[in-house]
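Heads up: the structure comes next, in structure tokens.
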Amino acid sequence: MIFDGILFFPVTPFDAQDRVDEDLLRQHLETTLAHAPGGVFPACGTGEFHALSTEEATRVVQVAAESVAGRVPVVAGTGGPLGHAKALARAAADAGADALLVLPPYLVGGPQAGLAAYVEAVAAASDLPVVIYHRANAQFSADSVRRLAQNPKVVGFKDGVGDVGLAQQIVRAVAAEGRDDFAFFNGLLTAELTQGAYRGIGIPLYSSAAFAMIPEVANAYYRAYVAGDEDRRNELLDGFYAPLVRLRDETPGFGVSLIKTGLRLGGLPVGSVRAPLVDPTPAQQDRLAEILAAGRALL
């Protein structure tokens with residue numbers, strides 16, 4: 001599975017009755033697909049996976065697969081209670097997804113053998129390949145990832161922890177298994193801020209929540225990143241991403257809430273976030289508008 005470009009994590013729009021708005025979702029997807037992402041990850045973190053029912057998540061994936069129509073890979077979110085994760089895996093396969101992003105199990109922690117077994121159980125539930133999501137209560141050792149890399153259905157690793165030394169060991173452990181088809185992603189919040197370091201340890205891909213909100217700025221950063229234009233990359237980091245991160249860090253969950261707010265500011269009425277996330281205050285929304293304007297002024 002080849003990912004060539006920024007990884008796009010769409011939001012899940014809700015209407016005034018708090019239902020998934022499929023028409024708005026299609027519009028969001030089509031508008032952003034025009035900016036050439038390398039893959040689409042529906043019903044994942046930015047898409048409020050935590051707040052979707054099985055039926056809602058399945059429908060979001062189906063709409064995404066229909067909209068993408070084979071242009072790039074579609075990777076659906078799954079995770080949580082094992083039975084729920086396996087059911088979502090099967091539903092995503094039926095809905096047309098190309099792969100699964102395996103989020104952490106629900107609340108409980110387990111030893112490394114148990115974490116690996118969890119991923120293996122989800123992988124066995126459908127014909128879809130899976131990407132490991134390394135974060136929260138699912139933090140994998142290099143040995144565990146090496147074990148999972150022996151399974152051809154495990155095709156990628158997304159780092160949401162930020163331990164660069166461990167991430168380097170994981171990259172080398174997978175290389176030792178001879179897996180040249182294995183994809184590595186930087187999945188930290190606002191990954192643009194750390195991607196310079198991740199590229200240096202063999203993790204060239206990254207997810208971009210900002211791409212869902214302001215793809216023209218995200219693509220400007222990506223072009224500078226690919227070209228090795230450090231002056232331009234740092235200009236975008238200083239002028240757009242750093243202020244965005246400062247605002248994001250004020251309130252838990254703003255990694256998602258700000259993206260939906262930015263889309264609303266841009267004229268796409270995607271609705272509010274679901275609990276336990278909260279929307280920005282009016283003052284925070286005004287600051288976000290200023291940050292978005294500053295980003296566009298850099299183009």
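Simple scheme: letters A, B, ... for chains in structure tokens order, numbers from 1 for residues in each chain, numbers from 1 for ligands in the order shown.
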
Contacts of Ala183 of chain A at 10 Å (only C-alpha atoms; same-chain gap of 4+ positions) as an MDAnalysis selection string: chainID A and resid 1:3 131 154:158 171 179 202:205

List as a tab-separated table every residue of segment 112-179 of chain A that is in contact with segment 57-80 of chain A, defined as an atom at most 10 Å from one of its atoms (using only C-alpha atoms), together with the nearest atom pair and the distance in Å rounded to one decimal, sorted by chain and then rising number.
residue	atom	partner	partner_atom	distance
A:Tyr118	CA	A:Gly79	CA	9.3
A:Val119	CA	A:Gly79	CA	9.2
A:Val122	CA	A:Gly79	CA	8.3
A:Leu128	CA	A:Val75	CA	9.5
A:Pro129	CA	A:Val75	CA	9.3
A:Val130	CA	A:Val75	CA	8.5
A:Val131	CA	A:Val75	CA	8.6
A:Tyr133	CA	A:Gly79	CA	9.6

Write out, as a PDB file, in the first residue's frame, the residues just selected, with N, CA and C atoms.
ATOM      1  N   TYR A 118      -3.860  -8.315  20.704  1.00  0.00           N
ATOM      2  CA  TYR A 118      -5.007  -7.471  20.358  1.00  0.00           C
ATOM      3  C   TYR A 118      -4.956  -7.084  18.874  1.00  0.00           C
ATOM      4  N   VAL A 119      -3.799  -6.616  18.422  1.00  0.00           N
ATOM      5  CA  VAL A 119      -3.649  -6.245  17.011  1.00  0.00           C
ATOM      6  C   VAL A 119      -3.861  -7.459  16.119  1.00  0.00           C
ATOM      7  N   VAL A 122      -7.577  -8.249  15.781  1.00  0.00           N
ATOM      8  CA  VAL A 122      -8.269  -7.330  14.877  1.00  0.00           C
ATOM      9  C   VAL A 122      -7.893  -7.636  13.430  1.00  0.00           C
ATOM     10  N   LEU A 128      -8.700  -7.121   5.640  1.00  0.00           N
ATOM     11  CA  LEU A 128      -7.985  -5.864   5.473  1.00  0.00           C
ATOM     12  C   LEU A 128      -6.639  -5.871   6.198  1.00  0.00           C
ATOM     13  N   PRO A 129      -5.622  -5.256   5.601  1.00  0.00           N
ATOM     14  CA  PRO A 129      -4.363  -5.045   6.323  1.00  0.00           C
ATOM     15  C   PRO A 129      -4.560  -4.001   7.413  1.00  0.00           C
ATOM     16  N   VAL A 130      -3.647  -3.969   8.380  1.00  0.00           N
ATOM     17  CA  VAL A 130      -3.800  -3.064   9.519  1.00  0.00           C
ATOM     18  C   VAL A 130      -2.530  -2.243   9.751  1.00  0.00           C
ATOM     19  N   VAL A 131      -2.758  -1.059  10.310  1.00  0.00           N
ATOM     20  CA  VAL A 131      -1.692  -0.157  10.753  1.00  0.00           C
ATOM     21  C   VAL A 131      -1.793  -0.057  12.265  1.00  0.00           C
ATOM     22  N   TYR A 133      -1.446   1.705  15.803  1.00  0.00           N
ATOM     23  CA  TYR A 133      -1.402   3.066  16.339  1.00  0.00           C
ATOM     24  C   TYR A 133      -0.795   3.000  17.740  1.00  0.00           C
TER      25      TYR A 133
END

Backbone DSSP call of helix (DSSP H, G or I) for segment 34-221 of chain A, listed as a count of residues only: 87

Strand (DSSP E) per DSSP on the backbone: members of segment 145-243 of chain A, as a VMD selection string: chain A and resid 154 to 159 183 to 186 205 to 208

Selected residue of minimal separation from Glu48 of chain A among A:Ala297, A:Ala117, A:Val20, A:Val161, counting only C-alpha atoms: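 Once distances to Glu48 of chain A are computed over only C-alpha atoms, the minimum belongs to A:Val20.
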
Between atom CA of Tyr206 of chain A and atom CA of Gly187 of chain A, distance in Å (one decimal):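 These atoms are spaced 6.0 Å apart.
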
For atom CA of Phe14 of chain A and atom CA of Val273 of chain A, the interatomic separation in Å (one decimal):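 That distance, rounded to one decimal, is 8.2 Å.
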
Point-to-point distance in Å for atom CA of Arg135 of chain A and atom CA of Ala275 of chain A: 21.0 Å

Top pick for closest residue to Thr281 of chain A, considering A:Pro243, A:Arg296, A:Arg146, A:Leu258 and counting only C-alpha atoms: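 That would be A:Leu258, the residue with the smallest distance to Thr281 of chain A.
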
Closest of A:Ala85, A:Leu148, A:Val226, A:Leu237 to Gly114 of chain A - atom-to-atom distances counting only C-alpha atoms: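 Checking each candidate against Gly114 of chain A, we get A:Leu148 as the closest.
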
Option closest in space to Asp15 of chain A, from A:Asp127, A:Ala34, A:Leu292, A:Val270 [counting only C-alpha atoms]: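 Selected residue with least distance to Asp15 of chain A: A:Val270.
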
Minimum-distance residue to Ala224 of chain A, chosen among A:Ile170, A:Leu299, A:Val256, A:Ala176 (using only C-alpha atoms): A:Leu299

Which residue of A:Leu115, A:Leu33, A:Leu166, A:Leu193 approaches Gly239 of chain A most closely, using only C-alpha atoms: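 Once distances to Gly239 of chain A are computed over only C-alpha atoms, the minimum belongs to A:Leu193.
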
8 Å contact set for Pro37 of chain A, only C-alpha atoms, chain neighbours under 3 positions out, as an NGL selection string: :A and (4-8 or 32-33 or 40 or 72)

All residues 7 Å or closer to Met213 of chain A, only C-alpha atoms, same chain fewer than 2 positions away omitted, as a list in words: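 Using only C-alpha atoms, the neighbours found are Ala210, Phe211, Pro215, Ile259, Gly262 and Leu263 of chain A.
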
Expected file contents, prior selection, C-alpha atoms, as a PDB file, in the first residue's frame:
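What ended up in part-v1.pdb:
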ATOM      1  CA  ALA A 210      -4.462  21.075   9.617  1.00  0.00           C
ATOM      2  CA  PHE A 211      -4.811  19.663   6.094  1.00  0.00           C
ATOM      3  CA  PRO A 215      -5.106  22.331   2.957  1.00  0.00           C
ATOM      4  CA  ILE A 259     -10.278  21.829  12.990  1.00  0.00           C
ATOM      5  CA  GLY A 262     -11.747  26.321  11.217  1.00  0.00           C
ATOM      6  CA  LEU A 263     -13.980  24.585   8.707  1.00  0.00           C
TER       7      LEU A 263
END
